[in-house]
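Coordinates from structure-v8.txt are shown below (compact mmCIF, C-alpha atoms).
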# COMPACT_ATOMS: atom_id res chain seq x y z
CA MET A 1 -3.36 2.27 -0.59
CA ARG A 2 -4.45 5.29 1.43
CA ALA A 3 -6.51 5.00 4.60
CA SER A 4 -9.95 6.62 4.64
CA PHE A 5 -9.80 6.97 8.43
CA ARG A 6 -7.46 6.06 11.27
CA LEU A 7 -8.22 3.61 14.07
CA GLY A 8 -5.30 4.49 16.30
CA ARG A 9 -1.96 2.80 16.98
CA VAL A 10 -1.00 -0.83 17.53
CA ALA A 11 2.56 -1.63 18.69
CA GLY A 12 3.40 2.00 17.96
CA VAL A 13 2.25 1.78 14.33
CA PRO A 14 -0.64 3.92 12.98
CA VAL A 15 -3.51 1.72 11.77
CA GLY A 16 -6.00 2.90 9.17
CA VAL A 17 -8.91 1.47 7.23
CA ASN A 18 -9.78 2.10 3.60
CA TRP A 19 -13.47 2.45 2.73
CA SER A 20 -13.23 -0.69 0.53
CA VAL A 21 -13.01 -2.82 3.70
CA LEU A 22 -16.72 -2.19 4.17
CA VAL A 23 -17.44 -4.04 0.91
CA ILE A 24 -15.67 -7.27 1.83
CA PHE A 25 -16.84 -7.04 5.46
CA LEU A 26 -20.49 -6.88 4.40
CA LEU A 27 -19.99 -9.66 1.84
CA ILE A 28 -18.45 -11.97 4.45
CA ALA A 29 -21.07 -11.17 7.09
CA TRP A 30 -23.90 -11.65 4.57
CA ALA A 31 -22.51 -14.96 3.24
CA LEU A 32 -22.16 -16.34 6.76
CA SER A 33 -25.46 -15.13 8.22
CA ALA A 34 -27.65 -15.67 5.14
CA SER A 35 -26.18 -18.84 3.72
CA LEU A 36 -23.47 -20.85 5.50
CA PHE A 37 -24.71 -20.72 9.09
CA PRO A 38 -28.46 -21.26 8.39
CA ARG A 39 -27.64 -24.17 6.09
CA SER A 40 -25.18 -25.83 8.48
CA TYR A 41 -26.89 -24.96 11.80
CA PRO A 42 -30.66 -24.69 11.27
CA GLY A 43 -33.17 -23.82 13.94
CA HIS A 44 -31.85 -20.43 15.12
CA SER A 45 -33.44 -17.02 14.79
CA GLY A 46 -32.49 -14.60 12.05
CA LEU A 47 -31.02 -12.24 14.65
CA ALA A 48 -28.75 -15.03 15.95
CA TYR A 49 -27.44 -15.71 12.44
CA VAL A 50 -26.75 -12.01 11.85
CA ALA A 51 -24.96 -11.69 15.19
CA ALA A 52 -22.83 -14.76 14.48
CA GLY A 53 -21.98 -13.56 10.97
CA LEU A 54 -21.02 -10.08 12.11
CA SER A 55 -18.96 -11.42 15.03
CA ALA A 56 -17.06 -13.85 12.82
CA ALA A 57 -16.36 -11.10 10.26
CA VAL A 58 -15.03 -8.77 12.98
CA VAL A 59 -12.74 -11.47 14.40
CA PHE A 60 -11.55 -12.30 10.87
CA PHE A 61 -10.46 -8.69 10.30
CA LEU A 62 -8.79 -8.59 13.69
CA GLY A 63 -6.80 -11.60 12.48
CA LEU A 64 -5.83 -9.72 9.33
CA LEU A 65 -4.69 -6.85 11.52
CA ALA A 66 -2.59 -9.24 13.64
CA HIS A 67 -1.03 -10.58 10.42
CA GLU A 68 0.03 -7.06 9.35
CA VAL A 69 1.12 -6.00 12.84
CA ALA A 70 3.46 -9.00 12.89
CA HIS A 71 5.03 -7.83 9.62
CA ALA A 72 5.43 -4.33 11.05
CA VAL A 73 6.95 -5.42 14.37
CA VAL A 74 9.52 -7.69 12.71
CA ALA A 75 10.33 -5.00 10.13
CA LYS A 76 11.03 -2.50 12.92
CA ARG A 77 13.24 -5.03 14.69
CA ASN A 78 15.21 -5.36 11.47
CA GLY A 79 15.83 -1.64 11.18
CA ILE A 80 13.00 -0.69 8.81
CA ALA A 81 10.67 2.12 9.81
CA VAL A 82 6.94 1.47 9.40
CA GLU A 83 4.74 4.40 8.40
CA GLY A 84 1.45 2.62 8.97
CA ILE A 85 -0.89 -0.29 8.36
CA THR A 86 -3.95 -0.02 6.12
CA LEU A 87 -6.73 -2.59 5.89
CA TRP A 88 -8.48 -2.62 2.53
CA LEU A 89 -10.47 -4.71 0.05
CA PHE A 90 -7.84 -7.43 -0.44
CA GLY A 91 -6.67 -7.68 3.16
CA GLY A 92 -3.98 -5.44 4.56
CA VAL A 93 -0.74 -3.72 3.69
CA SER A 94 2.15 -2.59 5.88
CA GLU A 95 3.74 0.61 4.59
CA LEU A 96 7.47 0.04 5.10
CA LYS A 97 9.92 2.90 4.73
CA GLY A 98 12.74 1.14 2.92
CA GLU A 99 13.64 -2.44 2.11
CA ALA A 100 15.22 -5.37 3.88
CA LYS A 101 19.00 -5.08 4.08
CA ASP A 102 19.64 -8.76 3.39
CA PRO A 103 17.81 -11.97 2.41
CA GLY A 104 17.57 -13.09 6.04
CA ALA A 105 15.67 -9.96 7.06
CA GLU A 106 13.41 -10.33 4.02
CA LEU A 107 12.68 -13.92 5.04
CA ARG A 108 11.82 -12.98 8.62
CA ILE A 109 9.60 -10.03 7.68
CA ALA A 110 7.70 -11.95 5.00
CA GLY A 111 7.38 -15.23 6.87
CA VAL A 112 5.95 -13.95 10.14
CA GLY A 113 2.61 -12.86 8.65
CA PRO A 114 1.51 -16.28 7.31
CA LEU A 115 2.88 -17.85 10.50
CA VAL A 116 0.56 -15.66 12.61
CA SER A 117 -2.42 -16.58 10.40
CA LEU A 118 -1.56 -20.27 10.72
CA VAL A 119 -1.26 -20.03 14.51
CA LEU A 120 -4.62 -18.26 14.69
CA GLY A 121 -6.20 -20.94 12.54
CA LEU A 122 -4.82 -23.72 14.72
CA PHE A 123 -5.93 -21.88 17.86
CA PHE A 124 -9.53 -21.54 16.65
CA ALA A 125 -9.47 -25.18 15.52
CA ALA A 126 -8.25 -26.33 18.94
CA VAL A 127 -10.99 -24.35 20.73
CA ALA A 128 -13.60 -25.78 18.35
CA VAL A 129 -12.39 -29.34 18.99
CA VAL A 130 -12.50 -28.84 22.76
CA LEU A 131 -16.05 -27.48 22.57
CA ALA A 132 -17.14 -30.31 20.29
CA LEU A 133 -15.71 -32.91 22.69
CA ALA A 134 -17.59 -31.17 25.49
CA GLY A 135 -20.81 -31.66 23.55
CA ALA A 136 -21.24 -28.10 22.28
CA ARG A 137 -23.17 -27.62 19.06
CA GLY A 138 -24.54 -24.63 17.21
CA LEU A 139 -23.41 -21.24 15.95
CA LEU A 140 -20.45 -20.74 18.29
CA LEU A 141 -18.89 -23.98 17.08
CA GLY A 142 -19.70 -23.01 13.50
CA ALA A 143 -18.08 -19.59 13.82
CA LEU A 144 -14.94 -21.05 15.40
CA SER A 145 -14.70 -23.72 12.70
CA TRP A 146 -15.05 -21.11 9.96
CA LEU A 147 -12.41 -18.87 11.57
CA ALA A 148 -10.05 -21.85 11.82
CA GLY A 149 -10.50 -22.75 8.18
CA ILE A 150 -10.28 -19.21 6.78
CA ASN A 151 -7.10 -18.39 8.70
CA VAL A 152 -5.36 -21.59 7.60
CA LEU A 153 -6.50 -20.90 4.04
CA LEU A 154 -5.19 -17.34 4.32
CA ALA A 155 -1.82 -18.63 5.50
CA ILE A 156 -1.59 -21.13 2.63
CA PHE A 157 -2.62 -18.56 0.02
CA ASN A 158 -0.14 -16.01 1.32
CA VAL A 159 2.83 -18.39 1.03
CA LEU A 160 2.23 -19.04 -2.66
CA PRO A 161 5.55 -18.06 -4.30
CA ALA A 162 4.32 -15.01 -6.19
CA ALA A 163 4.61 -11.26 -5.58
CA PRO A 164 3.03 -9.28 -4.01
CA LEU A 165 2.03 -12.12 -1.66
CA ASP A 166 4.23 -12.95 1.31
CA GLY A 167 5.28 -16.07 -0.56
CA GLY A 168 6.62 -13.79 -3.29
CA ARG A 169 8.81 -12.12 -0.67
CA LEU A 170 9.99 -15.54 0.47
CA LEU A 171 10.79 -16.44 -3.15
CA ARG A 172 12.65 -13.16 -3.55
CA ALA A 173 14.67 -13.87 -0.41
CA ALA A 174 15.61 -17.31 -1.75
CA VAL A 175 16.63 -16.03 -5.20
CA TRP A 176 18.44 -13.08 -3.64
CA LYS A 177 20.38 -15.45 -1.37
CA ALA A 178 21.25 -17.75 -4.29
CA THR A 179 22.25 -15.07 -6.81
CA GLY A 180 23.25 -12.09 -4.67
CA ASP A 181 21.15 -9.91 -7.00
CA ARG A 182 18.21 -8.15 -5.32
CA THR A 183 16.83 -6.76 -8.58
CA ARG A 184 16.87 -10.12 -10.35
CA ALA A 185 15.16 -11.71 -7.35
CA SER A 186 12.44 -9.03 -7.40
CA VAL A 187 11.82 -9.55 -11.11
CA VAL A 188 11.55 -13.33 -10.67
CA ALA A 189 9.01 -12.92 -7.84
CA ALA A 190 7.02 -10.34 -9.81
CA ARG A 191 6.80 -12.53 -12.90
CA ALA A 192 5.69 -15.43 -10.73
CA GLY A 193 2.93 -13.15 -9.42
CA TRP A 194 1.91 -12.31 -12.98
CA GLY A 195 1.69 -16.03 -13.79
CA LEU A 196 -0.39 -16.78 -10.68
CA GLY A 197 -2.72 -13.92 -11.57
CA ILE A 198 -3.34 -15.43 -15.02
CA VAL A 199 -4.10 -18.81 -13.44
CA LEU A 200 -6.54 -17.30 -10.95
CA ILE A 201 -8.36 -15.33 -13.63
CA GLY A 202 -8.74 -18.45 -15.77
CA LEU A 203 -9.86 -20.55 -12.81
CA GLY A 204 -12.27 -17.86 -11.62
CA LEU A 205 -13.93 -17.48 -15.04
CA TRP A 206 -14.20 -21.25 -15.38
CA ARG A 207 -15.86 -21.51 -11.97
CA PHE A 208 -18.23 -18.67 -12.80
CA LEU A 209 -19.30 -20.34 -16.04
CA ALA A 210 -19.67 -23.62 -14.14
CA GLY A 211 -22.18 -21.99 -11.78
CA ALA A 212 -20.01 -20.88 -8.86
CA GLY A 213 -21.46 -17.38 -9.14
CA ILE A 214 -19.80 -14.50 -7.32
CA GLY A 215 -17.10 -16.78 -5.89
CA GLY A 216 -15.67 -17.31 -9.36
CA LEU A 217 -15.73 -13.62 -10.18
CA TRP A 218 -14.04 -12.83 -6.86
CA LEU A 219 -11.23 -15.27 -7.70
CA ALA A 220 -10.81 -13.61 -11.11
CA LEU A 221 -10.74 -10.19 -9.43
CA ILE A 222 -7.94 -11.32 -7.11
CA GLY A 223 -6.02 -12.57 -10.15
CA TRP A 224 -6.47 -9.24 -11.89
CA PHE A 225 -5.17 -7.45 -8.80
CA LEU A 226 -2.13 -9.74 -8.62
CA ILE A 227 -1.22 -9.04 -12.25
CA GLY A 228 -1.38 -5.29 -11.70
CA ALA A 229 0.55 -5.38 -8.43
CA ALA A 230 3.19 -7.75 -9.82
CA GLY A 231 3.74 -5.53 -12.85
CA MET A 232 4.16 -2.52 -10.60
CA GLU A 233 6.67 -4.38 -8.42
CA GLU A 234 8.76 -5.34 -11.45
CA ARG A 235 8.84 -1.73 -12.65
CA GLN A 236 9.76 -0.51 -9.17
CA ALA A 237 12.53 -3.11 -8.91
CA LYS A 238 14.08 -2.00 -12.17
CA MET A 239 13.70 1.64 -11.20
CA GLY A 240 15.24 0.91 -7.81
CA SER A 241 18.25 -0.69 -9.51
CA ALA A 242 18.74 2.39 -11.69
CA LEU A 243 18.50 4.70 -8.65
CA ARG A 244 20.69 2.69 -6.28
CA GLY A 245 23.15 4.97 -4.51
CA VAL A 246 21.33 8.16 -5.57
CA ARG A 247 20.41 10.62 -2.82
CA VAL A 248 17.49 13.03 -2.78
CA ALA A 249 19.96 15.93 -2.94
CA ASP A 250 21.35 14.55 -6.22
CA VAL A 251 18.04 14.97 -8.07
CA MET A 252 16.13 17.75 -6.29
CA THR A 253 15.58 21.24 -7.67
CA PRO A 254 17.26 23.41 -5.01
CA GLN A 255 15.72 26.56 -3.57
CA PRO A 256 12.45 26.42 -5.53
CA GLN A 257 10.22 29.43 -6.04
CA THR A 258 7.72 29.69 -3.17
CA ALA A 259 4.62 31.70 -2.32
CA SER A 260 2.40 32.55 0.61
CA GLY A 261 -0.87 30.78 1.24
CA ASP A 262 -2.55 34.21 1.31
CA MET A 263 -1.87 34.77 -2.41
CA THR A 264 -4.94 34.47 -4.59
CA VAL A 265 -5.24 31.93 -7.35
CA ALA A 266 -5.60 34.80 -9.84
CA ASP A 267 -2.25 36.28 -8.75
CA PHE A 268 -0.63 32.87 -9.05
CA VAL A 269 -1.91 32.42 -12.60
CA ASP A 270 -1.01 35.97 -13.68
CA HIS A 271 2.40 36.39 -12.03
CA TYR A 272 3.82 32.93 -11.30
CA LEU A 273 2.42 30.32 -13.63
CA PHE A 274 3.60 31.81 -16.90
CA ALA A 275 6.59 33.74 -15.56
CA TYR A 276 8.30 30.72 -13.96
CA ARG A 277 6.54 27.91 -15.84
CA HIS A 278 6.39 25.80 -12.68
CA SER A 279 3.67 23.17 -12.41
CA ALA A 280 3.99 23.11 -8.61
CA LEU A 281 4.58 25.83 -6.05
CA PRO A 282 5.43 25.20 -2.38
CA LEU A 283 3.74 27.44 0.17
CA THR A 284 5.93 28.55 3.07
CA GLU A 285 5.76 30.48 6.32
CA GLU A 286 9.12 31.81 7.53
CA GLY A 287 10.86 29.23 5.36
CA ARG A 288 8.79 26.27 6.62
CA PRO A 289 6.67 24.37 4.07
CA VAL A 290 2.96 24.55 4.89
CA GLY A 291 1.37 23.45 1.61
CA LEU A 292 1.83 22.68 -2.06
CA VAL A 293 -0.14 24.01 -5.02
CA THR A 294 -0.10 22.23 -8.39
CA LEU A 295 -1.43 23.22 -11.77
CA ASP A 296 -4.06 20.47 -11.55
CA ARG A 297 -5.43 21.96 -8.32
CA VAL A 298 -5.58 25.45 -9.83
CA ARG A 299 -7.41 24.20 -12.92
CA GLY A 300 -10.22 23.00 -10.69
CA ILE A 301 -11.05 26.57 -9.61
CA PRO A 302 -13.55 28.36 -11.91
CA ALA A 303 -12.20 31.56 -13.46
CA ASP A 304 -14.78 33.74 -11.69
CA ARG A 305 -13.65 32.46 -8.26
CA ARG A 306 -9.89 32.75 -8.70
CA ALA A 307 -9.65 36.34 -7.44
CA SER A 308 -11.42 35.43 -4.18
CA THR A 309 -9.76 32.04 -3.57
CA THR A 310 -6.37 31.83 -1.86
CA LEU A 311 -3.68 29.27 -2.58
CA GLY A 312 -3.99 28.06 1.00
CA GLU A 313 -7.57 27.01 0.31
CA VAL A 314 -6.68 24.79 -2.67
CA ALA A 315 -3.22 23.58 -1.61
CA CYS A 316 -2.24 20.14 -0.40
CA ARG A 317 -2.49 20.34 3.38
CA ALA A 318 0.62 20.38 5.54
CA ASP A 319 -0.29 17.00 7.06
CA ASP A 320 -0.41 15.43 3.59
CA LEU A 321 2.93 16.78 2.36
CA VAL A 322 5.64 14.25 1.51
CA LEU A 323 8.83 15.48 3.19
CA ALA A 324 12.35 14.19 2.65
CA SER A 325 15.86 15.02 3.79
CA PRO A 326 18.67 15.76 1.33
CA ASP A 327 20.74 12.74 2.41
CA GLU A 328 17.85 10.26 2.21
CA PRO A 329 18.29 7.53 -0.44
CA LEU A 330 15.95 8.23 -3.33
CA ASN A 331 14.79 4.59 -3.30
CA GLU A 332 13.34 5.12 0.18
CA LEU A 333 11.42 8.19 -0.96
CA LEU A 334 9.78 6.54 -3.99
CA PRO A 335 7.16 4.45 -2.09
CA ARG A 336 5.99 7.56 -0.21
CA LEU A 337 5.96 9.62 -3.38
CA SER A 338 3.74 7.11 -5.17
CA GLN A 339 1.13 7.45 -2.39
CA CYS A 340 0.94 11.22 -2.83
CA ALA A 341 -1.72 12.50 -5.21
CA ASP A 342 0.46 15.49 -6.14
CA GLY A 343 3.45 13.27 -6.91
CA ARG A 344 6.05 15.59 -5.41
CA ALA A 345 8.21 15.73 -2.32
CA LEU A 346 9.50 18.77 -0.47
CA VAL A 347 13.07 18.54 0.80
CA VAL A 348 13.71 20.07 4.21
CA THR A 349 16.64 20.69 6.53
CA ASP A 350 15.86 21.74 10.09
CA GLN A 351 12.22 22.13 9.01
CA ARG A 352 13.17 24.70 6.36
CA LEU A 353 12.53 24.15 2.66
CA VAL A 354 15.69 23.56 0.62
CA GLY A 355 14.38 21.79 -2.49
CA ILE A 356 11.62 19.95 -4.34
CA VAL A 357 11.56 16.58 -6.10
CA SER A 358 9.20 16.17 -9.07
CA PRO A 359 8.41 13.22 -11.37
CA SER A 360 10.58 14.78 -14.08
CA ASP A 361 13.54 14.91 -11.67
CA ILE A 362 13.13 11.20 -10.98
CA SER A 363 12.71 10.37 -14.69
CA ARG A 364 16.00 12.06 -15.49
CA ALA A 365 17.70 10.18 -12.65
CA VAL A 366 16.29 6.87 -13.90
CA GLN A 367 17.53 7.57 -17.43
CA ARG A 368 21.01 8.37 -16.13
CA GLY A 369 21.00 5.27 -13.93
CA SER A 370 19.80 3.01 -16.76
CA LEU A 371 22.51 4.38 -19.05
CA ARG A 372 25.09 3.80 -16.32
CA ASP A 373 23.97 0.19 -15.87
CA GLN A 374 24.06 -0.42 -19.62
CA MET A 375 27.58 0.96 -19.89
CA ALA A 376 28.69 -1.10 -16.89
CA GLY A 377 27.18 -4.21 -18.47
CA ALA A 378 28.88 -3.52 -21.79
CA GLY A 379 32.21 -3.11 -20.05
CA ARG A 380 32.12 -6.56 -18.48

Would it be possible to restate this file's structure as structure tokens?
Amino acid sequence: MRASFRLGRVAGVPVGVNWSVLVIFLLIAWALSASLFPRSYPGHSGLAYVAAGLSAAVVFFLGLLAHEVAHAVVAKRNGIAVEGITLWLFGGVSELKGEAKDPGAELRIAGVGPLVSLVLGLFFAAVAVVLALAGARGLLLGALSWLAGINVLLAIFNVLPAAPLDGGRLLRAAVWKATGDRTRASVVAARAGWGLGIVLIGLGLWRFLAGAGIGGLWLALIGWFLIGAAGMEERQAKMGSALRGVRVADVMTPQPQTASGDMTVADFVDHYLFAYRHSALPLTEEGRPVGLVTLDRVRGIPADRRASTTLGEVACRADDLVLASPDEPLNELLPRLSQCADGRALVVTDQRLVGIVSPSDISRAVQRGSLRDQMAGAGR
């Protein structure tokens, strides 16, 4: 999930927000200010309800951020680099560069997020109780009570034993510890996530038909998301098993053909595209990668503009390039590669281009790895 814009850094980790956050933020604020608060605490002005709803929604998302920051901090303490945190429609995601080295690290990284949500819920509940005992009534008490309940609910939901939820990571840690097989543990957690997704879709549709309205559809949407994410995790787990021990240097195309960003698209089509039959071309300056042009990007330029458009104008920007080192494990590159729209990584040594990794390179490596695993299994 890519961030639409960056907020800054928290605990040294870049934090971004996807545009889809606006959807759920407005839904929460509207539900609180137009329905829950007026029904539970009548007698206030419309402006007061809107202010309370917006404030509660902001604090809720700050709690989500704290949840993800906790994951990131513990991951860094366990030797895993964190590329960033992105808040989006279904909450947040911490982009970890690599995986836990052992079940214990997996347990700590996964467990701290729900723990933070639970602590936040108990904190808001305690403050609400103190205010209630002091005789306070009204919107402040209502907002605190809602924040207490939603954070506890978030903690409980996240520990359900199904990937990609934190509970799925806890389940994976347990199965990994019991069997010693990381891939098998990942598959078990992913299939549990698929099962939970089916249950949520069924429950959501039932609630919708029973008159729950948008709440039922939202539950079904979460179930649909879980099924898709769980299926992706299972595929990645099996791919990771096939690629275990493979380095970037083992699969990359060394010393790829390059071009300058000043070359026109017309020259690229006439002299490079058909001569070398490459679907991607790195752009370099003095050996340093500064961009990447793909066939899909070139196709988007009308024929009458190709002679006046340079490759630098249509290329993937330098800041968006996925860079890797030759000795980096291929498994650690895959998550970054899947977030790149161009689907390729440039391999560099001392900031100079030495190779390129494409989807076809990875497919061949997966086929070799799968064949190796099958032969190893047959030999047992």

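The coordinates place atom CA of A:Gly312 at 11.7 Å from atom CA of A:Pro289.
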
key: Option closest in space to A:Arg336, from A:Arg364, A:Arg9, A:Arg39, A:Lys97 [counting all atoms listed in the file]   = A:Lys97

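For the pair atom CA of A:Leu337 and atom CA of A:Gly91, the interatomic distance is 22.4 Å.
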
key: Point-to-point distance from atom CA of A:Ser308 to atom CA of A:His271, Å rounded to tenths   = 15.9 Å

inquiry  = Applying 7 Å and only C-alpha atoms, which residues near A:Asn158 remain after dropping the ones on its own chain fewer than 6 positions away? List them as a VMD selection string.
reply    = chain A and resid 114 165 to 167

task = May I have the protein, DNA and RNA residues with any atom at most 10 Å from the point (-4.0, -6.5, 11.0), counting only C-alpha atoms, written as a VMD selection string?
result = chain A and resid 10 15 to 16 60 to 72 85 to 87 91 to 94 113

task = List the residues sitting within 12 Å of (3.1, -15.3, 0.8) in the file's frame, using only C-alpha atoms, as JSON, numbers by chain.
result = {"A": [67, 71, 106, 107, 108, 109, 110, 111, 112, 113, 114, 115, 117, 153, 154, 155, 156, 157, 158, 159, 160, 161, 162, 163, 164, 165, 166, 167, 168, 169, 170, 171, 172, 173, 189, 192, 193]}

ask   = Skipping near chain neighbours, those fewer than 3 positions away, what residues fall within 6 Å of stretch 239-252 of chain A using all atoms listed in the file, listed as a PyMOL selection string?
value = chain A and resi 236+326-331+355-357+361+366+369-370

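Checking A:Arg235, A:Phe25, A:Ala134, A:Gly287 one by one against A:Arg184, counting only C-alpha atoms, you find the shortest gap at A:Arg235.
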
Would you compute the box with edges along x, y and z of the file around stretch 115-121 of chain A, including every atom the file lists for it and 6 Å extra on each side, and give its centre and edge lengths in Å to one decimal, as lines of an AutoDock Vina configuration file?
center_x = -1.7
center_y = -18.3
center_z = 12.5
size_x = 21.1
size_y = 17.3
size_z = 16.3

ask   = What's the 6 Å shell around A:Gly53, counting all atoms listed in the file, without same-chain residues fewer than 5 positions away, as a ChimeraX atom specification?
value = /A:29,32-33

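Distances to A:Glu332 were evaluated for A:Val13, A:Leu217, A:Ala100, A:Leu36 using all atoms listed in the file, and the minimum falls at A:Ala100.
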
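Of the residues listed (A:Ser279, A:Glu313, A:Phe37, A:Arg288), A:Ser279 shows the shortest atom-to-atom separation from A:Gly343; distances use all atoms listed in the file.
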